[in-house]
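Input: a single structure, listed below in structure tokens.
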Amino acid sequence: MQYRTLGRTGVQVSSLALGAMNFGRIGRTTQEEATAIVDAALDGGVNVIDTADAYSAGESEEMVGKAVAGRRDDLVLATKAYLPMGEERNRRGGSRRWLVTALEDSLRRLGVDHVDLYQVHRWDPATSDEETLSALTDLQRAGKIRYFGSSTFPAYRIVQAQWAAREHRLGRYVTEQPAYSILQRGIETHVLPVTEEYGLGVLAWSPLASGWLSGAIREGREVTTSRSAFMPQRFDTAVPSNRAKLDAVERLAEVADEAGLTMIQLALGFVTAHPAVTSALIGPRTLDHLHSQLAAADTVLPADVLDAIDTIVAPGTDLAPDEKNDTPPSLLDPALRRRR
């Protein structure tokens with residue numbers, strides 16, 4: 001396992017971090033299975049576990065809490081808030097009202113008195129940066145969080161939040177958690193240069209592109225991955241963007257074979273090769289998944305392999321731009337780009 005400094009915090013973290021989204025109903029993972037995955041990940045050198053309140057409506061946090069009981073101080077524990085946690089309209093977002101409540105709920109589910117990293121799961125256009133940052137700063141001063149970060153923010157919002165922190169003399173986001181893989185390289189254009197400029201640590205999620213880069217999805221095979229069961233539209237090869245992904249996967253498989261690598265090693269090695277990336281978040285659903293991903297912990301891709309990847313998916317290119325989670329609201333809602 002490689003270790004890197006998380007932004008400018010001085011905290012040393014593993015280059016592969018354990019994402020717990022599959023713990024609970026989403027991944028149909030039991031407590032026993034989740035604990036076995038956490039045990040094996042820690043044994044393999046992983047020292048970061050990342051979850052969120054919205055993962056299986058809090059079930060993931062509960063499972064993580066039970067799995068790390070007695071070992072809390074041995075790892076960097078991260079969670080997130082923002083996504084809806086029920087039907088009540090204020091149980092979501094980036095307001096002080098909700099973040100204070102959401103954190104208390106997360107601490108209770110995790111069975112801890114603080115988290116190391118608390119992340120705003122998405123940018124909230126209805127809430128000012130000052131409102132969110134002041135709440136997070138107060139929670140940090142109260143000792144309930146050590147650091148706070150953003151997740152899937154557009155580049156311009158990362159910059160705006162940094163300026164707001166400076167203007168109002170508040171704590172600042174010290175990490176960003178964006179989606180990043182060989183198939184989705186758009187953040188290389190704006191987000192990663194911004195994180196480097198401001199010294200943010202980067203925890204990249206979906207480095208296997210929702211399983212497209214796991215080796216399980218190939219031409220002529222039926223797609224039977226767990227993710228395809230509840231997101232079938234993202235795996236329908238009649239869709240042009242999915243067809244483009246499959247074509248790229250076939251060419252990438254040749255590169256991996258020639259380099260003596262698995263597809264997983266190629267995919268994770270690519271993400272962790274970028275100088276702006278601190279850790280790649282792996283989200284195994286089974287122990288077998290975990291072991292196949294831990295096998296990439298020390299993978300360092302040579303320049304010729306990285307060059308070959310660039311010829312298949314050009315730098316800064318998203319093969320499925322409609323799947324992006326950091327698209328500015330005005331591109332999604334016509335009313336926001338038309339003068340009234």
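By convention here, the chains of the structure tokens are called A, B, ... in the order presented, each chain's residues are numbered starting at 1, and ligands are numbered starting at 1 in the order presented.
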What are the closest atom pairs, with distances in Å to one decimal, for each residue of stretch 198-302 of chain A lying within 12 Å of stretch 95-119 of chain A, using only C-alpha atoms, rows by chain and rising residue number, as CSV?
```
residue,atom,partner,partner_atom,distance
A:Gly201,CA,A:Leu117,CA,11.2
A:Val202,CA,A:Gln119,CA,11.9
A:Leu203,CA,A:Gln119,CA,11.0
```
So that each row is one residue of stretch 116-225 of chain A with an atom at most 12 Å from stretch 284-292 of chain A, can you give its shortest atom pair and the distance in Å to one decimal, using only C-alpha atoms, rows by chain and rising number, as a tab-separated table?
```
residue	atom	partner	partner_atom	distance
A:Ser206	CA	A:Pro284	CA	11.0
A:Pro207	CA	A:Pro284	CA	11.8
A:Leu208	CA	A:Pro284	CA	10.7
A:Ser210	CA	A:Pro284	CA	11.0
A:Gly211	CA	A:Pro284	CA	10.3
A:Ser214	CA	A:His289	CA	9.2
A:Gly215	CA	A:Ser292	CA	10.6
A:Ala216	CA	A:His289	CA	11.2
A:Thr225	CA	A:Arg285	CA	10.7
```
Could you dump the residues just selected with C-alpha atoms as a CSV table (one decimal), in the first residue's frame?
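out04.csv, written as the output of this step:
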```csv
chain,number,residue,atom,x,y,z
A,206,SER,CA,-16.1,5.4,-8.9
A,207,PRO,CA,-12.6,4.6,-10.2
A,208,LEU,CA,-14.0,1.4,-11.8
A,210,SER,CA,-19.6,1.6,-11.8
A,211,GLY,CA,-18.1,-1.8,-12.8
A,214,SER,CA,-13.8,-4.3,-13.4
A,215,GLY,CA,-13.3,-6.9,-16.2
A,216,ALA,CA,-16.8,-8.2,-15.8
A,225,THR,CA,-23.3,-6.7,-12.3
```
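When the distance limit is 12 Å and only C-alpha atoms are what count, the residues near A:Asp257, minus those fewer than 6 positions from it on the same chain, are Gly215, Glu250, Arg251, Met263, Ile264, Gln265, Leu266 and Val305 of chain A.
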Just write the chosen residues, N, CA, C and O atoms, as a compact mmCIF listing (two decimals), in the first residue's frame.
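Okay, selection-v1.txt is ready:
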```txt
# COMPACT_ATOMS: atom_id res chain seq x y z
N GLY A 215 -13.57 -5.66 -15.41
CA GLY A 215 -13.27 -6.87 -16.16
C GLY A 215 -14.48 -7.75 -16.37
O GLY A 215 -14.45 -8.70 -17.16
N GLU A 250 -13.00 -2.56 -24.51
CA GLU A 250 -12.35 -3.60 -25.32
C GLU A 250 -10.91 -3.22 -25.66
O GLU A 250 -10.00 -4.04 -25.60
N ARG A 251 -10.69 -1.97 -26.00
CA ARG A 251 -9.34 -1.51 -26.32
C ARG A 251 -8.47 -1.43 -25.07
O ARG A 251 -7.28 -1.76 -25.10
N MET A 263 -7.74 -5.64 -15.49
CA MET A 263 -8.44 -4.39 -15.77
C MET A 263 -8.54 -3.53 -14.52
O MET A 263 -8.45 -2.30 -14.58
N ILE A 264 -8.72 -4.17 -13.37
CA ILE A 264 -8.83 -3.42 -12.12
C ILE A 264 -7.51 -2.72 -11.80
O ILE A 264 -7.49 -1.55 -11.40
N GLN A 265 -6.41 -3.40 -12.01
CA GLN A 265 -5.10 -2.77 -11.77
C GLN A 265 -4.89 -1.60 -12.72
O GLN A 265 -4.37 -0.56 -12.32
N LEU A 266 -5.30 -1.77 -13.97
CA LEU A 266 -5.16 -0.68 -14.94
C LEU A 266 -6.00 0.52 -14.50
O LEU A 266 -5.53 1.66 -14.51
N VAL A 305 2.03 2.90 -20.88
CA VAL A 305 0.66 2.45 -20.63
C VAL A 305 -0.27 3.65 -20.47
O VAL A 305 -1.38 3.67 -21.02
```
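Residues in contact with A:Val68 at 12 Å, where only C-alpha atoms are counted and same-chain residues fewer than 5 positions away are skipped, are listed as Gln31, Ala34, Thr35, Ala36, Ile37, Val38, Asp39, Ala40, Ala41, Leu42, Asn47, Val48, Ile49, Glu61, Glu62, Met63, Asp73, Asp74, Leu75, Val76, Leu77, Leu110, Gly111 and Val112 of chain A.
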Output N, CA and C atoms for every residue in the selection just made, as a PDB file, in the first residue's frame.
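Result written to again-v9.pdb:
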```
ATOM      1  N   GLN A  31     -24.159  -7.524   7.997  1.00  0.00           N
ATOM      2  CA  GLN A  31     -23.173  -7.015   8.954  1.00  0.00           C
ATOM      3  C   GLN A  31     -21.936  -7.903   8.991  1.00  0.00           C
ATOM      4  N   ALA A  34     -19.910  -7.141   5.939  1.00  0.00           N
ATOM      5  CA  ALA A  34     -19.307  -5.812   6.033  1.00  0.00           C
ATOM      6  C   ALA A  34     -18.117  -5.819   6.985  1.00  0.00           C
ATOM      7  N   THR A  35     -18.260  -6.487   8.117  1.00  0.00           N
ATOM      8  CA  THR A  35     -17.164  -6.552   9.082  1.00  0.00           C
ATOM      9  C   THR A  35     -15.970  -7.295   8.498  1.00  0.00           C
ATOM     10  N   ALA A  36     -16.226  -8.370   7.756  1.00  0.00           N
ATOM     11  CA  ALA A  36     -15.139  -9.124   7.130  1.00  0.00           C
ATOM     12  C   ALA A  36     -14.406  -8.265   6.101  1.00  0.00           C
ATOM     13  N   ILE A  37     -15.157  -7.446   5.362  1.00  0.00           N
ATOM     14  CA  ILE A  37     -14.538  -6.560   4.378  1.00  0.00           C
ATOM     15  C   ILE A  37     -13.683  -5.508   5.071  1.00  0.00           C
ATOM     16  N   VAL A  38     -14.202  -4.919   6.136  1.00  0.00           N
ATOM     17  CA  VAL A  38     -13.432  -3.917   6.886  1.00  0.00           C
ATOM     18  C   VAL A  38     -12.171  -4.552   7.467  1.00  0.00           C
ATOM     19  N   ASP A  39     -12.298  -5.742   8.053  1.00  0.00           N
ATOM     20  CA  ASP A  39     -11.136  -6.432   8.624  1.00  0.00           C
ATOM     21  C   ASP A  39     -10.053  -6.646   7.572  1.00  0.00           C
ATOM     22  N   ALA A  40     -10.465  -7.158   6.418  1.00  0.00           N
ATOM     23  CA  ALA A  40      -9.500  -7.460   5.364  1.00  0.00           C
ATOM     24  C   ALA A  40      -8.886  -6.185   4.792  1.00  0.00           C
ATOM     25  N   ALA A  41      -9.678  -5.134   4.677  1.00  0.00           N
ATOM     26  CA  ALA A  41      -9.163  -3.870   4.154  1.00  0.00           C
ATOM     27  C   ALA A  41      -8.106  -3.295   5.098  1.00  0.00           C
ATOM     28  N   LEU A  42      -8.396  -3.295   6.402  1.00  0.00           N
ATOM     29  CA  LEU A  42      -7.426  -2.782   7.360  1.00  0.00           C
ATOM     30  C   LEU A  42      -6.166  -3.640   7.371  1.00  0.00           C
ATOM     31  N   ASN A  47      -6.424   2.641   5.447  1.00  0.00           N
ATOM     32  CA  ASN A  47      -6.678   3.306   6.734  1.00  0.00           C
ATOM     33  C   ASN A  47      -7.733   4.404   6.628  1.00  0.00           C
ATOM     34  N   VAL A  48      -8.493   4.403   5.524  1.00  0.00           N
ATOM     35  CA  VAL A  48      -9.590   5.359   5.342  1.00  0.00           C
ATOM     36  C   VAL A  48     -10.871   4.592   5.051  1.00  0.00           C
ATOM     37  N   ILE A  49     -11.929   4.895   5.780  1.00  0.00           N
ATOM     38  CA  ILE A  49     -13.251   4.341   5.484  1.00  0.00           C
ATOM     39  C   ILE A  49     -14.195   5.512   5.266  1.00  0.00           C
ATOM     40  N   GLU A  61     -23.737   3.489   7.716  1.00  0.00           N
ATOM     41  CA  GLU A  61     -23.039   4.047   8.876  1.00  0.00           C
ATOM     42  C   GLU A  61     -23.132   3.114  10.080  1.00  0.00           C
ATOM     43  N   GLU A  62     -24.294   2.538  10.296  1.00  0.00           N
ATOM     44  CA  GLU A  62     -24.452   1.623  11.424  1.00  0.00           C
ATOM     45  C   GLU A  62     -23.518   0.422  11.281  1.00  0.00           C
ATOM     46  N   MET A  63     -23.431  -0.119  10.076  1.00  0.00           N
ATOM     47  CA  MET A  63     -22.565  -1.274   9.843  1.00  0.00           C
ATOM     48  C   MET A  63     -21.100  -0.906  10.004  1.00  0.00           C
ATOM     49  N   ASP A  73      -9.496   4.603  16.585  1.00  0.00           N
ATOM     50  CA  ASP A  73      -8.323   5.471  16.497  1.00  0.00           C
ATOM     51  C   ASP A  73      -7.301   5.004  15.467  1.00  0.00           C
ATOM     52  N   ASP A  74      -7.520   3.820  14.884  1.00  0.00           N
ATOM     53  CA  ASP A  74      -6.574   3.288  13.911  1.00  0.00           C
ATOM     54  C   ASP A  74      -6.879   3.709  12.481  1.00  0.00           C
ATOM     55  N   LEU A  75      -7.947   4.472  12.290  1.00  0.00           N
ATOM     56  CA  LEU A  75      -8.329   4.790  10.920  1.00  0.00           C
ATOM     57  C   LEU A  75      -8.873   6.201  10.800  1.00  0.00           C
ATOM     58  N   VAL A  76      -8.907   6.670   9.562  1.00  0.00           N
ATOM     59  CA  VAL A  76      -9.499   7.969   9.230  1.00  0.00           C
ATOM     60  C   VAL A  76     -10.939   7.695   8.815  1.00  0.00           C
ATOM     61  N   LEU A  77     -11.873   8.171   9.610  1.00  0.00           N
ATOM     62  CA  LEU A  77     -13.289   7.883   9.393  1.00  0.00           C
ATOM     63  C   LEU A  77     -13.971   9.093   8.759  1.00  0.00           C
ATOM     64  N   LEU A 110     -22.756   5.747  13.901  1.00  0.00           N
ATOM     65  CA  LEU A 110     -21.381   5.244  13.852  1.00  0.00           C
ATOM     66  C   LEU A 110     -20.868   4.820  15.231  1.00  0.00           C
ATOM     67  N   GLY A 111     -21.513   5.308  16.280  1.00  0.00           N
ATOM     68  CA  GLY A 111     -21.085   4.970  17.628  1.00  0.00           C
ATOM     69  C   GLY A 111     -19.775   5.629  18.023  1.00  0.00           C
ATOM     70  N   VAL A 112     -19.540   6.861  17.549  1.00  0.00           N
ATOM     71  CA  VAL A 112     -18.303   7.586  17.842  1.00  0.00           C
ATOM     72  C   VAL A 112     -18.643   8.997  18.320  1.00  0.00           C
TER      73      VAL A 112
END
```
Polymer residues at most 10 Å from A:Val255, only C-alpha atoms, same-chain spacing of 3 or more positions, as a ChimeraX atom specification: /A:249-252,258-263,266,304-306,308-309,312
As an MDAnalysis selection string, list the residues of stretch 133-333 of chain A assigned to alpha helix (DSSP H) by DSSP on the backbone atoms of this structure. chainID A and resid 133:141 155:168 191:198 226:230 240:259 263:273 287:294 303:312 329:332
